[in-house]
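Structure first, commentary second.
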There are 4 protein chains.
Amino acid sequence: MLGCGRIGRMHAELLTLRAPGATCPVVYDVLGEAASAVAAELGLDAAASAQELIERDDVDAVAICTSTDTHVDLIVAAARAGKPIFCEKPLSLNLAEVDRGLEAVAAAGVPFMVGFNRRFDPSHREVRDRVAAGDVGDVHVVRITSRDPAPPPLTYIAVSGGIFCDMTIHDFDMARYVTGSEVLEVYAKGAVLVDPAIGEAGDFDTTVIVLTHANGAMTVIDNSRQAVYGYDQRVEVFGSQGIVSSDNPLVTTTTVRDGRGGRVAALPYFFLERYTQSYLSEWEAFVGMLRDGTPSPVGPADGRAPLVLGLAAGRSVAERRPVSVEEIT
Amino acid sequence: MLGCGRIGRMHAELLTLRAPGATCPVVYDVLGEAASAVAAELGLDAAASAQELIERDDVDAVAICTSTDTHVDLIVAAARAGKPIFCEKPLSLNLAEVDRGLEAVAAAGVPFMVGFNRRFDPSHREVRDRVAAGDVGDVHVVRITSRDPAPPPLTYIAVSGGIFCDMTIHDFDMARYVTGSEVLEVYAKGAVLVDPAIGEAGDFDTTVIVLTHANGAMTVIDNSRQAVYGYDQRVEVFGSQGIVSSDNPLVTTTTVRDGRGGRVAALPYFFLERYTQSYLSEWEAFVGMLRDGTPSPVGPADGRAPLVLGLAAGRSVAERRPVSVEEIT
Amino acid sequence: MLGCGRIGRMHAELLTLRAPGATCPVVYDVLGEAASAVAAELGLDAAASAQELIERDDVDAVAICTSTDTHVDLIVAAARAGKPIFCEKPLSLNLAEVDRGLEAVAAAGVPFMVGFNRRFDPSHREVRDRVAAGDVGDVHVVRITSRDPAPPPLTYIAVSGGIFCDMTIHDFDMARYVTGSEVLEVYAKGAVLVDPAIGEAGDFDTTVIVLTHANGAMTVIDNSRQAVYGYDQRVEVFGSQGIVSSDNPLVTTTTVRDGRGGRVAALPYFFLERYTQSYLSEWEAFVGMLRDGTPSPVGPADGRAPLVLGLAAGRSVAERRPVSVEEIT
Amino acid sequence: MLGCGRIGRMHAELLTLRAPGATCPVVYDVLGEAASAVAAELGLDAAASAQELIERDDVDAVAICTSTDTHVDLIVAAARAGKPIFCEKPLSLNLAEVDRGLEAVAAAGVPFMVGFNRRFDPSHREVRDRVAAGDVGDVHVVRITSRDPAPPPLTYIAVSGGIFCDMTIHDFDMARYVTGSEVLEVYAKGAVLVDPAIGEAGDFDTTVIVLTHANGAMTVIDNSRQAVYGYDQRVEVFGSQGIVSSDNPLVTTTTVRDGRGGRVAALPYFFLERYTQSYLSEWEAFVGMLRDGTPSPVGPADGRAPLVLGLAAGRSVAERRPVSVEEIT
């Protein structure tokens, strides 16, 4: 495990305690204390450098959960060491850098998987499976709502690459995943409705994006950095033969009714509460890919395409017009 | 229309304005003013006596919606006049009286239908249809919840025949309807938890009843005179191959979510709000029976059996033991 | 009642049989047979001309449910006769014509209401009321899905003015209604995914529209002429303090479960099944406006603004760019 | 951990990998192989005898998950060793034995908790909390449905003590838990509708039970050994001010709609899928009790009372009459 921040720590714990067929012998973080803390808590080693970790004999595969700007160098290092790679999203904010990393992966021929965990959520996956099975016919319109409960720190926003590459990137991936069709055109609207400071940092906190797919389908995405009612994550695919959708789970199944109506439970607060199962299934898929030599469920092209869409969205909102993905190179 | 109280007035209005294939030329009520008011409002005649109404040439069928103690005499009069009969529940509180009425119906050979409207509610009917189609296999356990929003006046309770014959009688009918199986044994518990005055009137306001059917299935019914959250009407049939249930509708489909959870709409307040469609379908079924000469969807036996169960429940609660329906004659 | 097509016939029946405080003494249709049929069925008069109907003493108000291209002339005629006016949507497909009609209304000072019935649906209205009450705070994103079960005849499509003015116009009204904020900019995408003949007729059958409101909120609308699962009508308003949404009702509350999962009921098939209550409440509002002299709940400005948005959407899709409403005059 | 069968193995795994603040150093099972297997899988010791385990210095508390007939001896042994005790339900099938065990616990003054895990399910707990907070007023009627997906082996049924003490015991506990009121009277009906062999073994597979509480409330329980649609676990409390209920969760939030209606996900298959969170919270409560010296959330009286009700239910069904708990001693 490279990276012991919030997401790296979570992955290390899942790998150590819960993911079948996997263990995590060693962690690393540029902040030595962060690595030591996770290592101590889980009974693991802490490596002195990323390279030391990559080269260890008991490391069969490398998980890259560091800050985005370090991903590509680590991908290259792991690929050169011949180690299979799991890398968190986005691979980079720079398309040329992404290509450099993916070329190293291709040259080394190592298995490679991108951490788009929502593909492994049972509800969203069921949406994709139904579409792929033809249950809704040809896809006409996809609706994706993705809202966080609260904005990240402004310091994070400043280095996030902007909401389209940081947050919407999951939805771009979802649009490709559930439709099985590439995106040709992006139209994006951005607004600052939650916190003016986010606007001052050059970013948006509320967005609407319209995608046009190669198969003619249209996807509508809306994002917000702040939904006070919880982590709102919904996907819906409407087609010629029907509709399939994944709704939000609730934290309990309890309902109260009195003379004023009914009260039902809240949504999960955030991704740790909502997507733990998806992270476990993600590791199961990674382990299965290595064990069985099967193609990556989230391969190199799945790492590149959403970044192109994120960059296209940025240009669209800046130039107030729909942008063809061909314009982004 | 014989009877211009709450239910008679409603039926007269539905027949006049909304029931396809039916009209209501004339109404009667023992309180002349009640009849006059309904007649004036809907542009109908008011008859001077029940017999006059029954004998009118433009009266093709008689609807008996008067107080329970007058039902049987009116059934006999209408049967003797050769007029098809619709009679509200219960036919009588006295089994011998019921038999007297039904014998007149049989002797005259007139079509006869009992007003168990819930059979015509689309959701409950779907439950029955699925069971009849074998979708849940052999029936094992039926659960019926039936709760009113507020108790009727104590004056009504005093002449109601008790909660089992007045209120539970709908649920006894539902149990027979959805299972298609007669009841062999009744066990009832009664309590006074809503209003001590109901207990002082010799009745209960909260009850639980267990029925054993001829096919081995068991039905559990619970009743209350007062559910502050609205008119709670649910039926559920569990069997060897699955389960089918009808839940309460809500008055809107609107949901509100904020930081404290979600709020959903209220239940319909009472039967007028909940069961209008069932009353319309009931009249459609009555008209269809007359037009096509088909068997009654709620025939004489369906009028007698629930009264037997109501009487058995009364004995069960009094004697604190399960009572076989064979004991009630 | 002027116009005895599908919608005029429905309104005539509701006014005659069910709308409290209203009657419909006379109908007219350019097809004499259509008027005669409705008149005969409901026991009404059939007028020989629109003008004759408008001038009748027992006509207190005029309902215009004819084909769209005749609306304005009839508005003008009714206004000149000093009769209050109910007019179905859209008022016209031509903005200058709309203005001519509304000027006549203003000059005559007659009460005027546009038939945007969805405002009177209890579930959508609750959405608006919650937003107006501040329950969701400042509005950030509105999602409106509106899908018909099957396309209208091609002959209708040819004269419909296009999907944006014929179908989306309801959603444009809804966006203004629930947000209480005018729209400044429209971006629209159109596709032909249901039936190529619709494209050959110069129209789209599947659309996505993004609106930007004066208060900063964004509305996303998606439309389809064909949802095989029924009439899909949903509205959702997300704001700084929460979210409120109206979901589709189902035709029953029955659920079946077996070893393969659960099955729930279908959506209402189309507007007659879904919106009857809204039409009744619409008439109740119209009658109340006349009786109490209150402002129109759907006044002249509410008839004009959605047409502007429909025209802007048409231009947006043609020119592949967002269009400011200021461009439409 | 004493006992390495299905439930003991699950608890050992939860304690080792997931329960905060707890570890499981050593396991024991009368079948040495079972203990060795669990010990090897989780990296634990396997004790040669229960006594050896109980006496180990690194054993701060003893979890008794062995077969029911061994519970009391182990309770006594652990109590004499001064070790806090967690014991699975039922404590015993024999009331005198239960009393012997609880006397040893009282004499030793060791903390003691019974494994009624459903109390720790977030949805059921919310039901109890709302009732305790007075949100539904005085309790009138409780409905509890509890159905397993498939019967256990007949060999298990033969030693289970019967469905009332083996399965309904959870529901007896739930009835006491959510109402906060003891039970005075039990009426039970039993049927053999699933498998005749269960009847031949002297047991029932389908039951309905009516409880009368000291506070006047009535509880209705229904059980089945076989619900082909999954593990059906619902609790509902109806009172003078409202109703609160916990419904079944579904395995996904995905819905599919086409021309035939809607399809929703299945229920969890069984308790491992449904109640994992409750087991974790149960351990959290146990650890918290030891750490803070707080009263047991499921103490000795909670272990005894449900057995009394199970025995009363057995007598009720045998004698076909309601049975007072005072009759059971």
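Chain labels A, B, ... are given in the sequence in which chains occur in the structure tokens; within each chain residues are numbered consecutively from 1, and ligands are likewise numbered from 1 in the order shown.
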Give me the residues of chain D that have any atom at most 9 Å from an atom of chain B; for each, the nearest atom pair and the distance in Å, rounded to one decimal. Use only C-alpha atoms, sort by chain and number, and format it as CSV.
residue,atom,partner,partner_atom,distance
D:Asp138,CA,B:Leu193,CA,8.7
D:Val139,CA,B:Leu193,CA,9.0
D:His140,CA,B:Leu193,CA,6.8
D:Val141,CA,B:Asp222,CA,7.9
D:Lys189,CA,B:Met218,CA,8.5
D:Ala191,CA,B:Gly216,CA,7.4
D:Val192,CA,B:Gly216,CA,8.5
D:Leu193,CA,B:His140,CA,6.8
D:Val194,CA,B:Ser240,CA,7.2
D:Thr206,CA,B:His140,CA,7.4
D:Thr207,CA,B:Met218,CA,8.4
D:Val208,CA,B:Met218,CA,7.6
D:Ile209,CA,B:Val210,CA,8.8
D:Val210,CA,B:Val208,CA,7.9
D:Thr212,CA,B:Lys189,CA,8.9
D:Gly216,CA,B:Ala191,CA,7.4
D:Ala217,CA,B:Leu193,CA,8.2
D:Met218,CA,B:Val208,CA,7.6
D:Thr219,CA,B:Val208,CA,8.6
D:Val220,CA,B:Val208,CA,7.7
D:Asp222,CA,B:Val141,CA,7.9
D:Asn223,CA,B:Val141,CA,9.0
D:Ser224,CA,B:His140,CA,8.6
D:Gln226,CA,B:Ser240,CA,7.6
D:Ala227,CA,B:Gly242,CA,6.8
D:Val228,CA,B:Gly242,CA,5.9
D:Tyr229,CA,B:Gly242,CA,5.9
D:Phe238,CA,B:Ala227,CA,8.1
D:Gly239,CA,B:Ala227,CA,7.8
D:Ser240,CA,B:Ala227,CA,7.1
D:Gln241,CA,B:Val228,CA,6.1
D:Gly242,CA,B:Tyr229,CA,5.9
D:Ile243,CA,B:Tyr229,CA,7.6
D:Arg320,CA,B:Pro322,CA,7.3
D:Arg321,CA,B:Arg321,CA,5.5
D:Pro322,CA,B:Arg321,CA,6.8
In stretch 251-318 of chain A, DSSP strand (DSSP E) residues written as a list in words: Thr254, Thr255, Val256, Arg257, Asp258, Gly261, Gly262, Arg263 and Val264 of chain A
Export, as a tab-separated table (two decimals), in the first residue's frame, the selected residues with N, CA, C and O atoms.
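Below is the file that was written, result.tsv:
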chain	number	residue	atom	x	y	z
A	254	THR	N	-36.41	1.59	9.42
A	254	THR	CA	-37.44	1.97	10.38
A	254	THR	C	-38.28	3.14	9.87
A	254	THR	O	-37.75	4.10	9.34
A	255	THR	N	-39.57	3.04	10.05
A	255	THR	CA	-40.51	4.10	9.69
A	255	THR	C	-41.35	4.45	10.91
A	255	THR	O	-41.81	3.56	11.63
A	256	VAL	N	-41.58	5.74	11.12
A	256	VAL	CA	-42.46	6.20	12.20
A	256	VAL	C	-43.61	6.97	11.55
A	256	VAL	O	-43.40	7.78	10.65
A	257	ARG	N	-44.81	6.68	11.99
A	257	ARG	CA	-45.97	7.42	11.50
A	257	ARG	C	-46.77	7.96	12.68
A	257	ARG	O	-47.02	7.24	13.63
A	258	ASP	N	-47.15	9.22	12.55
A	258	ASP	CA	-48.08	9.77	13.52
A	258	ASP	C	-49.04	10.68	12.78
A	258	ASP	O	-49.18	10.57	11.55
A	261	GLY	N	-47.76	12.50	9.48
A	261	GLY	CA	-47.18	11.83	8.32
A	261	GLY	C	-46.16	10.81	8.74
A	261	GLY	O	-46.18	10.35	9.90
A	262	GLY	N	-45.27	10.46	7.82
A	262	GLY	CA	-44.28	9.43	8.11
A	262	GLY	C	-42.87	9.96	8.11
A	262	GLY	O	-42.56	10.92	7.43
A	263	ARG	N	-42.03	9.33	8.91
A	263	ARG	CA	-40.62	9.69	8.93
A	263	ARG	C	-39.79	8.45	8.64
A	263	ARG	O	-40.01	7.39	9.23
A	264	VAL	N	-38.86	8.57	7.72
A	264	VAL	CA	-38.01	7.45	7.35
A	264	VAL	C	-36.55	7.82	7.61
A	264	VAL	O	-36.22	8.96	7.93
Need to verify the contact set: A:Leu74, 8 Å, only C-alpha atoms, exclusion of same-chain residues closer than 4 positions in sequence. Can you return it as a PDB file with all heavy atoms, in the first residue's frame?
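The result, written out as result.pdb:
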ATOM      1  N   ALA A  50       9.029   4.279  -1.316  1.00  0.00           N
ATOM      2  CA  ALA A  50       8.104   3.586  -2.216  1.00  0.00           C
ATOM      3  C   ALA A  50       8.837   2.485  -2.969  1.00  0.00           C
ATOM      4  O   ALA A  50       8.326   1.376  -3.141  1.00  0.00           O
ATOM      5  CB  ALA A  50       7.478   4.585  -3.200  1.00  0.00           C
ATOM      6  N   ILE A  64      -1.660   1.948  -5.385  1.00  0.00           N
ATOM      7  CA  ILE A  64      -1.225   3.346  -5.373  1.00  0.00           C
ATOM      8  C   ILE A  64      -2.382   4.227  -4.923  1.00  0.00           C
ATOM      9  O   ILE A  64      -3.348   4.434  -5.648  1.00  0.00           O
ATOM     10  CB  ILE A  64      -0.727   3.767  -6.768  1.00  0.00           C
ATOM     11  CG1 ILE A  64       0.420   2.841  -7.206  1.00  0.00           C
ATOM     12  CG2 ILE A  64      -0.296   5.231  -6.774  1.00  0.00           C
ATOM     13  CD1 ILE A  64       0.888   3.055  -8.631  1.00  0.00           C
ATOM     14  N   THR A  70       1.485  12.171  -7.729  1.00  0.00           N
ATOM     15  CA  THR A  70       2.554  11.163  -7.642  1.00  0.00           C
ATOM     16  C   THR A  70       2.184   9.855  -8.328  1.00  0.00           C
ATOM     17  O   THR A  70       3.011   8.938  -8.406  1.00  0.00           O
ATOM     18  CB  THR A  70       2.879  10.843  -6.167  1.00  0.00           C
ATOM     19  OG1 THR A  70       1.714  10.227  -5.584  1.00  0.00           O
ATOM     20  CG2 THR A  70       3.203  12.111  -5.380  1.00  0.00           C
ATOM     21  N   ALA A  78       6.370   0.785 -10.511  1.00  0.00           N
ATOM     22  CA  ALA A  78       5.816  -0.545 -10.265  1.00  0.00           C
ATOM     23  C   ALA A  78       5.831  -1.373 -11.552  1.00  0.00           C
ATOM     24  O   ALA A  78       6.134  -2.577 -11.534  1.00  0.00           O
ATOM     25  CB  ALA A  78       4.394  -0.428  -9.716  1.00  0.00           C
TER      26      ALA A  78
END
Which of stretch 41-244 of chain C end up as helix (DSSP H, G or I) when DSSP is run on this backbone - answer as a ChimeraX atom specification? /C:41-42,50-55,68-80,95-108,117-120,122-132,154-159,163-166,168-179,196-200
I'd like the contact shell of D:Asn117 - 8 Å cut-off, only C-alpha atoms, skipping same-chain residues fewer than 3 positions apart - returned as an mmCIF file with N, CA, C and O atoms, in the first residue's frame.
data_model
loop_
_atom_site.group_PDB
_atom_site.id
_atom_site.type_symbol
_atom_site.label_atom_id
_atom_site.label_comp_id
_atom_site.auth_asym_id
_atom_site.auth_seq_id
_atom_site.Cartn_x
_atom_site.Cartn_y
_atom_site.Cartn_z
ATOM 1 N N PHE D 120 -29.728 -5.572 18.832
ATOM 2 C CA PHE D 120 -28.652 -4.669 18.409
ATOM 3 C C PHE D 120 -28.736 -4.330 16.932
ATOM 4 O O PHE D 120 -27.896 -3.596 16.416
ATOM 5 N N ASP D 121 -29.714 -4.880 16.250
ATOM 6 C CA ASP D 121 -29.949 -4.478 14.869
ATOM 7 C C ASP D 121 -30.393 -3.014 14.874
ATOM 8 O O ASP D 121 -31.308 -2.625 15.614
ATOM 9 N N TYR D 275 -27.912 -9.937 9.699
ATOM 10 C CA TYR D 275 -27.667 -9.449 11.058
ATOM 11 C C TYR D 275 -26.202 -9.272 11.422
ATOM 12 O O TYR D 275 -25.887 -9.178 12.619
ATOM 13 N N SER D 278 -25.671 -6.415 13.605
ATOM 14 C CA SER D 278 -26.181 -6.609 14.968
ATOM 15 C C SER D 278 -25.184 -7.399 15.824
ATOM 16 O O SER D 278 -25.024 -7.123 17.011
ATOM 17 N N TYR D 279 -24.516 -8.373 15.224
ATOM 18 C CA TYR D 279 -23.539 -9.140 16.000
ATOM 19 C C TYR D 279 -22.354 -8.250 16.398
ATOM 20 O O TYR D 279 -21.844 -8.328 17.520
ATOM 21 N N GLU D 282 -23.472 -6.076 19.110
ATOM 22 C CA GLU D 282 -23.616 -6.895 20.311
ATOM 23 C C GLU D 282 -22.268 -7.002 21.037
ATOM 24 O O GLU D 282 -22.194 -6.814 22.262
#
Please provide as a ChimeraX atom specification all residues within 12 Å of B:Asp302, with the sequence filter that same-chain residues fewer than 6 positions apart are discarded (counting only C-alpha atoms). /B:87-91,98,102,112-116,119,169-170,172-177,180-182,296,308-309
Same residues, C-alpha atoms, saved as a PDB file, in the first residue's frame:
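Saved as result33.pdb:
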ATOM      1  CA  CYS B  87     -77.213  -5.076   0.809  1.00  0.00           C
ATOM      2  CA  GLU B  88     -74.611  -3.431   2.999  1.00  0.00           C
ATOM      3  CA  LYS B  89     -72.814  -5.442   5.656  1.00  0.00           C
ATOM      4  CA  PRO B  90     -73.644  -6.980   8.043  1.00  0.00           C
ATOM      5  CA  LEU B  91     -76.882  -8.489   6.817  1.00  0.00           C
ATOM      6  CA  VAL B  98     -79.916 -13.697   8.181  1.00  0.00           C
ATOM      7  CA  LEU B 102     -81.461 -15.466   2.500  1.00  0.00           C
ATOM      8  CA  PHE B 112     -78.076 -10.820  -4.418  1.00  0.00           C
ATOM      9  CA  MET B 113     -74.820  -9.126  -3.506  1.00  0.00           C
ATOM     10  CA  VAL B 114     -73.350  -8.142  -0.143  1.00  0.00           C
ATOM     11  CA  GLY B 115     -71.448  -4.873   0.184  1.00  0.00           C
ATOM     12  CA  PHE B 116     -67.999  -6.109   1.110  1.00  0.00           C
ATOM     13  CA  ARG B 119     -62.930  -7.160  -2.310  1.00  0.00           C
ATOM     14  CA  ILE B 169     -66.562  -8.536   9.763  1.00  0.00           C
ATOM     15  CA  HIS B 170     -64.751  -6.909   6.816  1.00  0.00           C
ATOM     16  CA  PHE B 172     -63.392 -12.063   8.238  1.00  0.00           C
ATOM     17  CA  ASP B 173     -64.641 -11.604   4.700  1.00  0.00           C
ATOM     18  CA  MET B 174     -61.150 -10.695   3.508  1.00  0.00           C
ATOM     19  CA  ALA B 175     -59.687 -13.818   5.120  1.00  0.00           C
ATOM     20  CA  ARG B 176     -62.185 -16.013   3.270  1.00  0.00           C
ATOM     21  CA  TYR B 177     -61.736 -14.014   0.070  1.00  0.00           C
ATOM     22  CA  GLY B 180     -60.604 -19.203  -0.763  1.00  0.00           C
ATOM     23  CA  SER B 181     -60.947 -21.372   2.315  1.00  0.00           C
ATOM     24  CA  GLU B 182     -63.588 -21.454   5.041  1.00  0.00           C
ATOM     25  CA  SER B 296     -72.792 -12.959  -7.531  1.00  0.00           C
ATOM     26  CA  VAL B 308     -70.776 -16.630  12.148  1.00  0.00           C
ATOM     27  CA  LEU B 309     -67.128 -15.691  12.661  1.00  0.00           C
TER      28      LEU B 309
END
